[in-house]
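Student: Structure file structure_19.pdb, PDB, C-alpha atoms (C1' of nucleotides), is pasted below:
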MODEL        1
ATOM      1  CA  MET L   1      67.706 -98.882  86.144
ATOM      2  CA  ALA L   2      65.172 -97.733  83.682
ATOM      3  CA  TYR L   3      64.754-100.915  81.658
ATOM      4  CA  GLU L   4      65.448-104.431  82.844
ATOM      5  CA  LYS L   5      66.909-106.795  80.283
ATOM      6  CA  LYS L   6      66.575-110.542  80.021
ATOM      7  CA  ILE L   7      69.170-110.945  77.323
ATOM      8  CA  PRO L   8      72.496-109.655  78.661
ATOM      9  CA  VAL L   9      74.469-107.032  76.785
ATOM     10  CA  ASP L  10      77.905-108.344  75.930
ATOM     11  CA  LEU L  11      80.183-105.683  77.355
ATOM     12  CA  ASP L  12      83.230-107.775  76.477
ATOM     13  CA  CYS L  13      82.919-106.547  72.911
ATOM     14  CA  PRO L  14      84.268-102.999  72.917
ATOM     15  CA  LEU L  15      82.125-102.084  69.943
ATOM     16  CA  ARG L  16      78.929-103.237  71.603
ATOM     17  CA  LEU L  17      79.929-101.597  74.855
ATOM     18  CA  THR L  18      80.301 -98.218  73.180
ATOM     19  CA  MET L  19      77.173 -98.692  71.116
ATOM     20  CA  SER L  20      75.145 -99.672  74.148
ATOM     21  CA  LEU L  21      75.831 -96.288  75.718
ATOM     22  CA  ILE L  22      74.653 -94.172  72.805
ATOM     23  CA  GLU L  23      72.359 -96.248  70.636
ATOM     24  CA  SER L  24      69.045 -95.304  72.225
ATOM     25  CA  LYS L  25      66.944 -92.977  70.179
ATOM     26  CA  TRP L  26      68.017 -89.626  71.649
ATOM     27  CA  LYS L  27      71.199 -90.231  73.619
ATOM     28  CA  SER L  28      73.551 -89.087  70.893
ATOM     29  CA  CYS L  29      71.461 -85.933  70.445
ATOM     30  CA  ILE L  30      71.513 -85.268  74.176
ATOM     31  CA  LEU L  31      75.300 -85.539  74.193
ATOM     32  CA  ASP L  32      75.443 -83.143  71.279
ATOM     33  CA  GLU L  33      73.137 -80.759  73.133
ATOM     34  CA  LEU L  34      75.317 -80.756  76.233
ATOM     35  CA  ARG L  35      78.648 -80.777  74.447
ATOM     36  CA  ASN L  36      79.516 -77.158  75.228
ATOM     37  CA  GLY L  37      79.757 -78.060  78.894
ATOM     38  CA  GLU L  38      77.016 -75.726  80.055
ATOM     39  CA  PRO L  39      74.587 -77.222  82.542
ATOM     40  CA  GLN L  40      71.085 -77.388  81.139
ATOM     41  CA  ARG L  41      67.737 -77.759  82.773
ATOM     42  CA  PRO L  42      65.584 -80.654  81.578
ATOM     43  CA  SER L  43      62.967 -78.275  80.215
ATOM     44  CA  GLU L  44      65.595 -76.676  77.988
ATOM     45  CA  ILE L  45      66.703 -80.058  76.725
ATOM     46  CA  HIS L  46      63.093 -80.935  75.987
ATOM     47  CA  ARG L  47      62.678 -77.716  74.035
ATOM     48  CA  CYS L  48      65.794 -78.367  71.992
ATOM     49  CA  LEU L  49      64.585 -81.844  71.056
ATOM     50  CA  PRO L  50      60.902 -81.208  70.430
ATOM     51  CA  GLU L  51      60.407 -84.429  68.477
ATOM     52  CA  ALA L  52      61.378 -86.566  71.445
ATOM     53  CA  ALA L  53      58.702 -87.769  73.799
ATOM     54  CA  PRO L  54      59.459 -86.027  77.108
ATOM     55  CA  ARG L  55      59.173 -89.259  79.026
ATOM     56  CA  VAL L  56      61.864 -90.954  77.017
ATOM     57  CA  LEU L  57      64.240 -88.043  77.504
ATOM     58  CA  ASP L  58      63.756 -88.389  81.251
ATOM     59  CA  ILE L  59      64.473 -92.097  81.068
ATOM     60  CA  GLN L  60      67.500 -91.730  78.832
ATOM     61  CA  LEU L  61      68.932 -88.882  80.894
ATOM     62  CA  LYS L  62      68.604 -91.071  83.944
ATOM     63  CA  GLU L  63      70.430 -93.924  82.241
ATOM     64  CA  MET L  64      73.151 -91.548  81.102
ATOM     65  CA  VAL L  65      73.607 -90.395  84.685
ATOM     66  CA  GLU L  66      73.854 -94.037  85.801
ATOM     67  CA  ASP L  67      76.406 -94.703  83.076
ATOM     68  CA  GLY L  68      78.376 -91.653  84.134
ATOM     69  CA  LEU L  69      78.055 -89.747  80.859
ATOM     70  CA  VAL L  70      76.181 -86.890  82.489
ATOM     71  CA  THR L  71      75.971 -85.470  85.999
ATOM     72  CA  LYS L  72      72.835 -84.200  87.617
ATOM     73  CA  THR L  73      72.413 -81.481  90.203
ATOM     74  CA  ILE L  74      69.140 -81.089  92.040
ATOM     75  CA  TYR L  75      68.411 -77.750  93.665
ATOM     76  CA  PRO L  76      66.021 -78.099  96.588
ATOM     77  CA  GLU L  77      63.731 -75.297  95.465
ATOM     78  CA  LEU L  78      60.127 -74.921  94.593
ATOM     79  CA  PRO L  79      59.164 -75.110  91.859
ATOM     80  CA  PRO L  80      61.791 -77.811  91.362
ATOM     81  CA  ARG L  81      65.001 -77.108  89.502
ATOM     82  CA  SER L  82      67.705 -79.453  88.311
ATOM     83  CA  GLU L  83      70.534 -79.343  85.837
ATOM     84  CA  TYR L  84      72.317 -81.858  83.672
ATOM     85  CA  LYS L  85      75.915 -81.402  82.644
ATOM     86  CA  ILE L  86      78.109 -83.513  80.457
ATOM     87  CA  SER L  87      80.864 -85.335  82.382
ATOM     88  CA  ALA L  88      84.458 -85.986  81.399
ATOM     89  CA  LEU L  89      83.425 -89.469  80.332
ATOM     90  CA  GLY L  90      80.627 -88.035  78.222
ATOM     91  CA  LEU L  91      82.993 -85.503  76.684
ATOM     92  CA  SER L  92      85.285 -88.333  75.661
ATOM     93  CA  LEU L  93      82.487 -89.589  73.420
ATOM     94  CA  ILE L  94      82.201 -86.278  71.575
ATOM     95  CA  PRO L  95      84.793 -87.172  68.925
ATOM     96  CA  ILE L  96      82.583 -90.096  67.966
ATOM     97  CA  ILE L  97      79.512 -87.872  67.872
ATOM     98  CA  ASP L  98      81.463 -85.420  65.726
ATOM     99  CA  LEU L  99      82.458 -88.062  63.201
ATOM    100  CA  MET L 100      78.870 -89.253  62.984
ATOM    101  CA  LEU L 101      77.635 -85.696  62.513
ATOM    102  CA  LYS L 102      80.182 -85.102  59.792
ATOM    103  CA  TRP L 103      79.385 -88.388  58.077
ATOM    104  CA  GLY L 104      75.674 -87.661  58.172
ATOM    105  CA  GLU L 105      76.164 -84.229  56.669
ATOM    106  CA  GLU L 106      78.444 -85.517  53.944
ATOM    107  CA  HIS L 107      76.158 -88.361  52.928
ATOM    108  CA  PHE L 108      72.832 -86.701  53.516
ATOM    109  CA  ASP L 109      72.132 -86.321  49.785
ATOM    110  CA  ILE L 110      72.449 -90.037  49.093
ATOM    111  CA  PHE L 111      69.723 -90.932  51.549
ATOM    112  CA  GLU L 112      67.686 -87.880  50.674
ATOM    113  CA  ARG L 113      67.508 -89.193  47.124
ATOM    114  CA  LYS L 114      66.936 -92.704  48.290
ATOM    115  CA  TYR L 115      64.355 -92.364  50.996
ATOM    116  CA  GLY L 116      63.235 -88.711  51.074
ATOM    117  CA  GLY L 117      63.445 -86.457  54.121
ATOM    118  CA  LYS L 118      61.669 -88.738  56.515
ATOM    119  CA  CYS L 119      61.559 -92.406  56.035
ATOM    120  CA  GLY L 120      59.307 -95.203  57.185
ATOM    121  CA  LYS L 121      61.529 -97.815  55.614
TER     122      LYS L 121
ATOM    123  CA  MET C   1      62.734-103.875  53.679
ATOM    124  CA  ALA C   2      63.008-106.096  56.641
ATOM    125  CA  TYR C   3      60.993-104.175  59.180
ATOM    126  CA  GLU C   4      58.310-101.626  58.348
ATOM    127  CA  LYS C   5      58.160 -98.568  60.536
ATOM    128  CA  LYS C   6      55.173 -96.489  61.480
ATOM    129  CA  ILE C   7      57.144 -93.702  63.097
ATOM    130  CA  PRO C   8      59.407 -92.154  60.468
ATOM    131  CA  VAL C   9      63.121 -91.861  61.062
ATOM    132  CA  ASP C  10      64.202 -88.244  60.889
ATOM    133  CA  LEU C  11      66.941 -88.357  58.290
ATOM    134  CA  ASP C  12      67.227 -84.569  58.409
ATOM    135  CA  CYS C  13      69.259 -84.904  61.584
ATOM    136  CA  PRO C  14      72.727 -85.999  60.471
ATOM    137  CA  LEU C  15      73.355 -87.683  63.795
ATOM    138  CA  ARG C  16      70.208 -89.759  63.613
ATOM    139  CA  LEU C  17      70.852 -90.566  59.977
ATOM    140  CA  THR C  18      74.252 -92.024  60.776
ATOM    141  CA  MET C  19      72.982 -93.796  63.852
ATOM    142  CA  SER C  20      70.079 -95.321  61.961
ATOM    143  CA  LEU C  21      72.516 -97.125  59.676
ATOM    144  CA  ILE C  22      74.560 -98.792  62.390
ATOM    145  CA  GLU C  23      72.510 -98.930  65.564
ATOM    146  CA  SER C  24      70.943-102.354  65.095
ATOM    147  CA  LYS C  25      72.377-105.027  67.289
ATOM    148  CA  TRP C  26      75.016-106.478  64.963
ATOM    149  CA  LYS C  27      75.531-103.990  62.146
ATOM    150  CA  SER C  28      78.611-102.375  63.599
ATOM    151  CA  CYS C  29      80.127-105.820  64.188
ATOM    152  CA  ILE C  30      79.334-106.848  60.615
ATOM    153  CA  LEU C  31      81.103-103.755  59.319
ATOM    154  CA  ASP C  32      84.072-104.578  61.511
ATOM    155  CA  GLU C  33      84.046-108.141  60.193
ATOM    156  CA  LEU C  34      84.095-107.002  56.579
ATOM    157  CA  ARG C  35      86.460-104.084  57.043
ATOM    158  CA  ASN C  36      89.444-105.758  55.374
ATOM    159  CA  GLY C  37      87.579-105.680  52.076
ATOM    160  CA  GLU C  38      87.527-109.422  51.565
ATOM    161  CA  PRO C  39      84.217-110.845  50.401
ATOM    162  CA  GLN C  40      82.750-113.203  52.939
ATOM    163  CA  ARG C  41      80.124-115.867  52.703
ATOM    164  CA  PRO C  42      77.180-115.581  55.060
ATOM    165  CA  SER C  43      78.132-118.808  56.812
ATOM    166  CA  GLU C  44      81.537-117.329  57.630
ATOM    167  CA  ILE C  45      79.938-114.208  59.026
ATOM    168  CA  HIS C  46      77.643-116.345  61.127
ATOM    169  CA  ARG C  47      80.588-118.268  62.494
ATOM    170  CA  CYS C  48      82.450-115.094  63.376
ATOM    171  CA  LEU C  49      79.471-113.753  65.303
ATOM    172  CA  PRO C  50      78.239-116.892  67.044
ATOM    173  CA  GLU C  51      76.195-114.962  69.607
ATOM    174  CA  ALA C  52      74.007-113.456  66.941
ATOM    175  CA  ALA C  53      70.815-115.212  65.936
ATOM    176  CA  PRO C  54      71.396-116.262  62.315
ATOM    177  CA  ARG C  55      68.061-114.874  61.247
ATOM    178  CA  VAL C  56      68.878-111.401  62.454
ATOM    179  CA  LEU C  57      72.199-111.418  60.645
ATOM    180  CA  ASP C  58      70.357-112.251  57.432
ATOM    181  CA  ILE C  59      67.941-109.404  57.997
ATOM    182  CA  GLN C  60      70.586-106.884  58.924
ATOM    183  CA  LEU C  61      72.827-107.865  56.030
ATOM    184  CA  LYS C  62      69.867-107.348  53.740
ATOM    185  CA  GLU C  63      69.214-103.900  55.176
ATOM    186  CA  MET C  64      72.876-103.023  54.826
ATOM    187  CA  VAL C  65      72.750-104.016  51.168
ATOM    188  CA  GLU C  66      69.661-101.821  50.720
ATOM    189  CA  ASP C  67      71.436 -98.949  52.433
ATOM    190  CA  GLY C  68      74.465 -99.454  50.220
ATOM    191  CA  LEU C  69      76.934-100.266  52.990
ATOM    192  CA  VAL C  70      77.584-103.730  51.630
ATOM    193  CA  THR C  71      77.333-105.386  48.234
ATOM    194  CA  LYS C  72      76.103-108.879  47.621
ATOM    195  CA  THR C  73      77.062-111.300  44.906
ATOM    196  CA  ILE C  74      75.015-114.405  44.299
ATOM    197  CA  TYR C  75      76.635-117.290  42.444
ATOM    198  CA  PRO C  76      74.097-119.454  40.653
ATOM    199  CA  GLU C  77      75.459-122.694  41.973
ATOM    200  CA  LEU C  78      74.193-125.574  43.967
ATOM    201  CA  PRO C  79      74.504-125.721  46.856
ATOM    202  CA  PRO C  80      73.970-121.985  46.883
ATOM    203  CA  ARG C  81      76.828-119.576  47.349
ATOM    204  CA  SER C  82      76.854-115.868  47.930
ATOM    205  CA  GLU C  83      79.281-113.277  49.176
ATOM    206  CA  TYR C  84      79.036-110.004  51.005
ATOM    207  CA  LYS C  85      81.648-107.300  50.607
ATOM    208  CA  ILE C  86      81.938-103.921  52.226
ATOM    209  CA  SER C  87      81.275-101.039  49.815
ATOM    210  CA  ALA C  88      83.017 -97.677  49.564
ATOM    211  CA  LEU C  89      80.155 -96.182  51.534
ATOM    212  CA  GLY C  90      80.530 -98.852  54.187
ATOM    213  CA  LEU C  91      84.275 -98.252  54.315
ATOM    214  CA  SER C  92      83.654 -94.583  54.953
ATOM    215  CA  LEU C  93      82.006 -95.590  58.234
ATOM    216  CA  ILE C  94      85.073 -97.492  59.422
ATOM    217  CA  PRO C  95      86.684 -94.457  61.111
ATOM    218  CA  ILE C  96      83.591 -94.229  63.278
ATOM    219  CA  ILE C  97      83.755 -97.936  64.073
ATOM    220  CA  ASP C  98      87.427 -97.514  64.904
ATOM    221  CA  LEU C  99      86.796 -94.697  67.329
ATOM    222  CA  MET C 100      84.069 -96.717  69.011
ATOM    223  CA  LEU C 101      86.358 -99.744  69.250
ATOM    224  CA  LYS C 102      89.109 -97.632  70.740
ATOM    225  CA  TRP C 103      86.751 -95.948  73.184
ATOM    226  CA  GLY C 104      85.337 -99.298  74.276
ATOM    227  CA  GLU C 105      88.797-100.721  74.859
ATOM    228  CA  GLU C 106      89.950 -97.679  76.799
ATOM    229  CA  HIS C 107      86.909 -97.556  79.050
ATOM    230  CA  PHE C 108      86.257-101.245  79.391
ATOM    231  CA  ASP C 109      87.494-101.342  82.983
ATOM    232  CA  ILE C 110      85.023 -98.725  84.183
ATOM    233  CA  PHE C 111      82.041-100.729  83.055
ATOM    234  CA  GLU C 112      83.637-104.015  84.016
ATOM    235  CA  ARG C 113      83.786-102.714  87.589
ATOM    236  CA  LYS C 114      80.347-101.251  87.342
ATOM    237  CA  TYR C 115      78.307-103.946  85.699
ATOM    238  CA  GLY C 116      80.520-107.020  85.347
ATOM    239  CA  GLY C 117      81.286-108.779  82.092
ATOM    240  CA  LYS C 118      77.752-109.243  80.931
ATOM    241  CA  CYS C 119      75.002-107.040  82.085
ATOM    242  CA  GLY C 120      71.266-107.366  82.323
ATOM    243  CA  LYS C 121      70.844-103.783  83.313
TER     244      LYS C 121
ATOM    245  C1'  DT K   1      40.702 -68.815  90.826
ATOM    246  C1'  DC K   2      42.750 -70.924  87.088
ATOM    247  C1'  DA K   3      45.973 -71.918  83.574
ATOM    248  C1'  DT K   4      50.893 -72.505  83.227
ATOM    249  C1'  DA K   5      55.431 -73.823  84.391
ATOM    250  C1'  DT K   6      58.621 -76.606  87.007
ATOM    251  C1'  DA K   7      60.534 -81.873  87.480
ATOM    252  C1'  DC K   8      59.425 -86.336  87.810
ATOM    253  C1'  DC K   9      57.201 -90.979  87.986
ATOM    254  C1'  DG K  10      54.018 -95.259  87.183
ATOM    255  C1'  DA K  11      51.589 -97.910  84.127
ATOM    256  C1'  DA K  12      49.479 -99.303  79.944
ATOM    257  C1'  DA K  13      49.739 -99.351  75.138
ATOM    258  C1'  DA K  14      52.090 -99.225  70.850
ATOM    259  C1'  DA K  15      56.007 -99.791  68.003
ATOM    260  C1'  DT K  16      60.247-101.853  67.016
ATOM    261  C1'  DT K  17      63.689-105.327  67.061
ATOM    262  C1'  DA K  18      65.352-109.911  68.124
ATOM    263  C1'  DT K  19      64.665-114.861  68.692
ATOM    264  C1'  DT K  20      63.055-119.294  67.662
ATOM    265  C1'  DC K  21      61.112-122.657  64.812
ATOM    266  C1'  DG K  22      60.053-124.680  60.747
ATOM    267  C1'  DG K  23      60.258-124.768  55.912
ATOM    268  C1'  DT K  24      62.344-124.436  50.627
ATOM    269  C1'  DA K  25      66.036-126.855  47.665
ATOM    270  C1'  DT K  26      70.350-129.485  46.304
ATOM    271  C1'  DA K  27      75.033-131.475  46.789
ATOM    272  C1'  DT K  28      78.502-134.062  49.385
ATOM    273  C1'  DG K  29      80.443-137.525  52.505
ATOM    274  C1'  DG K  30      79.668-141.425  55.336
TER     275       DG K  30
ATOM    276  C1'  DC I   1      69.872-143.680  52.601
ATOM    277  C1'  DC I   2      70.744-140.143  55.778
ATOM    278  C1'  DA I   3      72.898-136.484  58.237
ATOM    279  C1'  DT I   4      75.125-132.209  57.092
ATOM    280  C1'  DA I   5      76.124-128.074  54.775
ATOM    281  C1'  DT I   6      74.748-124.368  51.782
ATOM    282  C1'  DA I   7      71.516-119.770  51.632
ATOM    283  C1'  DC I   8      67.352-117.965  52.552
ATOM    284  C1'  DC I   9      62.560-116.930  53.960
ATOM    285  C1'  DG I  10      57.824-116.724  56.622
ATOM    286  C1'  DA I  11      55.581-116.563  60.720
ATOM    287  C1'  DA I  12      54.859-116.737  65.605
ATOM    288  C1'  DT I  13      56.721-115.397  69.819
ATOM    289  C1'  DA I  14      59.533-112.836  72.973
ATOM    290  C1'  DA I  15      62.101-108.953  74.390
ATOM    291  C1'  DT I  16      63.029-104.226  74.255
ATOM    292  C1'  DT I  17      62.184 -99.440  73.524
ATOM    293  C1'  DT I  18      59.167 -95.657  72.780
ATOM    294  C1'  DT I  19      54.852 -93.290  73.293
ATOM    295  C1'  DT I  20      50.923 -91.743  75.592
ATOM    296  C1'  DC I  21      48.280 -90.712  79.492
ATOM    297  C1'  DG I  22      47.547 -89.515  83.956
ATOM    298  C1'  DG I  23      49.261 -88.382  88.329
ATOM    299  C1'  DT I  24      52.434 -85.949  92.413
ATOM    300  C1'  DA I  25      53.443 -81.074  94.279
ATOM    301  C1'  DT I  26      54.189 -75.917  94.413
ATOM    302  C1'  DA I  27      54.880 -71.168  92.645
ATOM    303  C1'  DT I  28      53.824 -67.414  89.424
ATOM    304  C1'  DG I  29      51.130 -64.392  86.577
ATOM    305  C1'  DA I  30      46.617 -63.201  84.466
TER     306       DA I  30
ENDMDL
END
Could you write out this file's structure as structure tokens?

Tutor:
Amino acid sequence: MAYEKKIPVDLDCPLRLTMSLIESKWKSCILDELRNGEPQRPSEIHRCLPEAAPRVLDIQLKEMVEDGLVTKTIYPELPPRSEYKISALGLSLIPIIDLMLKWGEEHFDIFERKYGGKCGK
Amino acid sequence: MAYEKKIPVDLDCPLRLTMSLIESKWKSCILDELRNGEPQRPSEIHRCLPEAAPRVLDIQLKEMVEDGLVTKTIYPELPPRSEYKISALGLSLIPIIDLMLKWGEEHFDIFERKYGGKCGK
DNA sequence: TCATATACCGAAAAATTATTCGGTATATGG
DNA sequence: CCATATACCGAATAATTTTTCGGTATATGA
């Protein structure tokens, strides 16, 4: 496990269970990246999300593999090669990602006006 | 604003915009609490979410008012009385909350088996 | 030979979020 | 008179997440 927690996550609450799987900074973007089902190498994922610190993508990918949202294949080659692919479980989250994407696009202007493009609120 | 940020949130990404509004620990639960449209007093909300630290509910409710997801009415009485009510903007997030609820219920057993009821992972 | 790319990891630091504690003020019920 | 409830806030602390830096090892191309 990437991060150890002292305060337990309440998985009895279905809302918090779902949230706990996608709420980290880049997990929803990673799912969106992998949604087409094509396996992707970590370096490609890094390039597609250039604002993410590479280390945190590694950590979050690892957690997503542990949670079963993504599968990982390691090819025993040198230089090393591996691929991440969205799983059936991960695909089942895509409708949620889609709704959030749609919502964000539809309401972008409100928050644009309110906070500007980037926001340190 | 409750917490000041040094690293700006990228509101240009519709996914991260939507996530930024609901990803804090109890915001999705608060929306679910208020979904029926009835105004609720803060003490009621606290009672419905007994696992939440009261202080953080105050802070997150305040942020949700700033973001326009919830409206607040203060009655100038003593002892003080106020009410929070979900806004039209907040209601527009309910389909997302619903999907997450449904997903969590449908996949509860997987994570139950995996991590047990509560999880310090 | 040397910079670059590959994938990954540990550890420290920084940033963010949550928790706990104590405080403001007033009314009600015992 | 005193505990309780109401709503809220500041500040210190704790917990969590993210960032940054440096390191492992090997192959390729300039």

Student: For the file shown, what are the residues hit by the PyMOL selection byres ((chain L) within 8 of (chain K)), laid out as a PyMOL selection string?

Tutor: chain L and resi 42+78-82

Student: Take chain L, superimpose it onto chain C by least squares using every C-alpha atom paired in sequence order, and output the result as an mmCIF file with C-alpha atoms, keeping the file's coordinate frame.

Tutor:
data_model
loop_
_atom_site.group_PDB
_atom_site.id
_atom_site.type_symbol
_atom_site.label_atom_id
_atom_site.label_comp_id
_atom_site.auth_asym_id
_atom_site.auth_seq_id
_atom_site.Cartn_x
_atom_site.Cartn_y
_atom_site.Cartn_z
ATOM 1 C CA MET L 1 62.562 -103.724 53.440
ATOM 2 C CA ALA L 2 63.000 -105.944 56.387
ATOM 3 C CA TYR L 3 61.030 -103.981 58.968
ATOM 4 C CA GLU L 4 58.246 -101.528 58.271
ATOM 5 C CA LYS L 5 58.083 -98.506 60.533
ATOM 6 C CA LYS L 6 55.095 -96.452 61.570
ATOM 7 C CA ILE L 7 57.094 -93.711 63.203
ATOM 8 C CA PRO L 8 59.360 -92.150 60.567
ATOM 9 C CA VAL L 9 63.089 -91.870 61.118
ATOM 10 C CA ASP L 10 64.170 -88.257 60.927
ATOM 11 C CA LEU L 11 66.921 -88.354 58.333
ATOM 12 C CA ASP L 12 67.202 -84.567 58.442
ATOM 13 C CA CYS L 13 69.254 -84.912 61.603
ATOM 14 C CA PRO L 14 72.708 -86.012 60.479
ATOM 15 C CA LEU L 15 73.350 -87.695 63.800
ATOM 16 C CA ARG L 16 70.198 -89.775 63.614
ATOM 17 C CA LEU L 17 70.842 -90.574 59.979
ATOM 18 C CA THR L 18 74.249 -92.029 60.774
ATOM 19 C CA MET L 19 72.977 -93.800 63.858
ATOM 20 C CA SER L 20 70.084 -95.324 61.968
ATOM 21 C CA LEU L 21 72.511 -97.120 59.673
ATOM 22 C CA ILE L 22 74.567 -98.791 62.380
ATOM 23 C CA GLU L 23 72.526 -98.927 65.556
ATOM 24 C CA SER L 24 70.963 -102.354 65.097
ATOM 25 C CA LYS L 25 72.394 -105.025 67.296
ATOM 26 C CA TRP L 26 75.033 -106.483 64.961
ATOM 27 C CA LYS L 27 75.530 -104.001 62.139
ATOM 28 C CA SER L 28 78.612 -102.379 63.604
ATOM 29 C CA CYS L 29 80.124 -105.828 64.183
ATOM 30 C CA ILE L 30 79.346 -106.859 60.619
ATOM 31 C CA LEU L 31 81.110 -103.759 59.315
ATOM 32 C CA ASP L 32 84.074 -104.575 61.506
ATOM 33 C CA GLU L 33 84.061 -108.139 60.187
ATOM 34 C CA LEU L 34 84.106 -107.005 56.572
ATOM 35 C CA ARG L 35 86.463 -104.087 57.039
ATOM 36 C CA ASN L 36 89.447 -105.743 55.361
ATOM 37 C CA GLY L 37 87.576 -105.667 52.074
ATOM 38 C CA GLU L 38 87.542 -109.414 51.553
ATOM 39 C CA PRO L 39 84.232 -110.839 50.399
ATOM 40 C CA GLN L 40 82.769 -113.205 52.953
ATOM 41 C CA ARG L 41 80.153 -115.871 52.702
ATOM 42 C CA PRO L 42 77.205 -115.577 55.083
ATOM 43 C CA SER L 43 78.165 -118.802 56.828
ATOM 44 C CA GLU L 44 81.567 -117.331 57.655
ATOM 45 C CA ILE L 45 79.970 -114.199 59.035
ATOM 46 C CA HIS L 46 77.664 -116.337 61.145
ATOM 47 C CA ARG L 47 80.634 -118.257 62.501
ATOM 48 C CA CYS L 48 82.481 -115.079 63.394
ATOM 49 C CA LEU L 49 79.484 -113.746 65.310
ATOM 50 C CA PRO L 50 78.274 -116.876 67.069
ATOM 51 C CA GLU L 51 76.208 -114.962 69.620
ATOM 52 C CA ALA L 52 74.008 -113.448 66.939
ATOM 53 C CA ALA L 53 70.843 -115.219 65.941
ATOM 54 C CA PRO L 54 71.418 -116.278 62.321
ATOM 55 C CA ARG L 55 68.084 -114.889 61.246
ATOM 56 C CA VAL L 56 68.887 -111.416 62.446
ATOM 57 C CA LEU L 57 72.214 -111.420 60.634
ATOM 58 C CA ASP L 58 70.367 -112.258 57.428
ATOM 59 C CA ILE L 59 67.931 -109.426 58.014
ATOM 60 C CA GLN L 60 70.589 -106.899 58.931
ATOM 61 C CA LEU L 61 72.816 -107.880 56.017
ATOM 62 C CA LYS L 62 69.868 -107.357 53.729
ATOM 63 C CA GLU L 63 69.213 -103.909 55.164
ATOM 64 C CA MET L 64 72.881 -103.031 54.819
ATOM 65 C CA VAL L 65 72.745 -104.017 51.161
ATOM 66 C CA GLU L 66 69.655 -101.822 50.708
ATOM 67 C CA ASP L 67 71.437 -98.951 52.429
ATOM 68 C CA GLY L 68 74.458 -99.457 50.210
ATOM 69 C CA LEU L 69 76.927 -100.271 52.985
ATOM 70 C CA VAL L 70 77.586 -103.746 51.634
ATOM 71 C CA THR L 71 77.336 -105.397 48.229
ATOM 72 C CA LYS L 72 76.109 -108.888 47.621
ATOM 73 C CA THR L 73 77.081 -111.323 44.904
ATOM 74 C CA ILE L 74 75.024 -114.429 44.303
ATOM 75 C CA TYR L 75 76.658 -117.306 42.464
ATOM 76 C CA PRO L 76 74.103 -119.473 40.688
ATOM 77 C CA GLU L 77 75.476 -122.743 42.020
ATOM 78 C CA LEU L 78 74.193 -125.611 44.025
ATOM 79 C CA PRO L 79 74.510 -125.754 46.909
ATOM 80 C CA PRO L 80 73.965 -121.993 46.927
ATOM 81 C CA ARG L 81 76.846 -119.594 47.373
ATOM 82 C CA SER L 82 76.863 -115.864 47.936
ATOM 83 C CA GLU L 83 79.302 -113.292 49.189
ATOM 84 C CA TYR L 84 79.050 -109.999 51.001
ATOM 85 C CA LYS L 85 81.649 -107.299 50.592
ATOM 86 C CA ILE L 86 81.932 -103.928 52.207
ATOM 87 C CA SER L 87 81.278 -101.033 49.797
ATOM 88 C CA ALA L 88 83.000 -97.675 49.548
ATOM 89 C CA LEU L 89 80.137 -96.178 51.523
ATOM 90 C CA GLY L 90 80.533 -98.839 54.188
ATOM 91 C CA LEU L 91 84.278 -98.258 54.306
ATOM 92 C CA SER L 92 83.643 -94.585 54.948
ATOM 93 C CA LEU L 93 81.999 -95.595 58.220
ATOM 94 C CA ILE L 94 85.071 -97.489 59.416
ATOM 95 C CA PRO L 95 86.670 -94.462 61.095
ATOM 96 C CA ILE L 96 83.587 -94.236 63.285
ATOM 97 C CA ILE L 97 83.739 -97.947 64.053
ATOM 98 C CA ASP L 98 87.420 -97.532 64.890
ATOM 99 C CA LEU L 99 86.785 -94.709 67.335
ATOM 100 C CA MET L 100 84.063 -96.734 69.016
ATOM 101 C CA LEU L 101 86.342 -99.759 69.241
ATOM 102 C CA LYS L 102 89.097 -97.655 70.732
ATOM 103 C CA TRP L 103 86.739 -95.978 73.182
ATOM 104 C CA GLY L 104 85.329 -99.314 74.274
ATOM 105 C CA GLU L 105 88.779 -100.741 74.860
ATOM 106 C CA GLU L 106 89.937 -97.704 76.789
ATOM 107 C CA HIS L 107 86.896 -97.576 79.043
ATOM 108 C CA PHE L 108 86.236 -101.266 79.377
ATOM 109 C CA ASP L 109 87.485 -101.370 82.981
ATOM 110 C CA ILE L 110 85.014 -98.753 84.176
ATOM 111 C CA PHE L 111 82.026 -100.767 83.046
ATOM 112 C CA GLU L 112 83.637 -104.036 84.016
ATOM 113 C CA ARG L 113 83.782 -102.744 87.575
ATOM 114 C CA LYS L 114 80.348 -101.273 87.342
ATOM 115 C CA TYR L 115 78.305 -103.967 85.708
ATOM 116 C CA GLY L 116 80.525 -107.059 85.371
ATOM 117 C CA GLY L 117 81.304 -108.806 82.092
ATOM 118 C CA LYS L 118 77.759 -109.233 80.934
ATOM 119 C CA CYS L 119 75.027 -107.014 82.077
ATOM 120 C CA GLY L 120 71.274 -107.276 82.323
ATOM 121 C CA LYS L 121 70.965 -103.690 83.453
#

Student: For the structure shown, which residues end up in the PyMOL selection byres ((chain C) within 8 of (chain L))? Put them as a ChimeraX atom specification, please?

Tutor: /C:1,3-19,23,28-29,93,95-97,99-105,108,111-112,117-121

Student: How many Å lie between atom CA of C:Ile59 and atom CA of L:Ala53, rounded to one decimal?

Tutor: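 Atom-to-atom, atom CA of C:Ile59 to atom CA of L:Ala53, that is 28.3 Å.
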
Student: Atom CA of C:Leu61 and atom CA of C:Thr73, how far apart in Å?

Tutor: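 Going from atom CA of C:Thr73 over to atom CA of C:Leu61, I get 12.4 Å.
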
Student: Taking all atoms listed in the file into account, find every residue of chain I that has an atom no more than 10 Å from chain C, and write it out as a list in words.

Tutor: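 Taken together, these residues fit the definition: DA5, DT6, DA7, DC8 and DC9 of chain I.
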
Student: Please compute the atom CA of L:Thr71-atom CA of L:Leu31 distance, one decimal, in Å.

Tutor: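 Atom CA of L:Thr71 sits 11.8 Å away from atom CA of L:Leu31.
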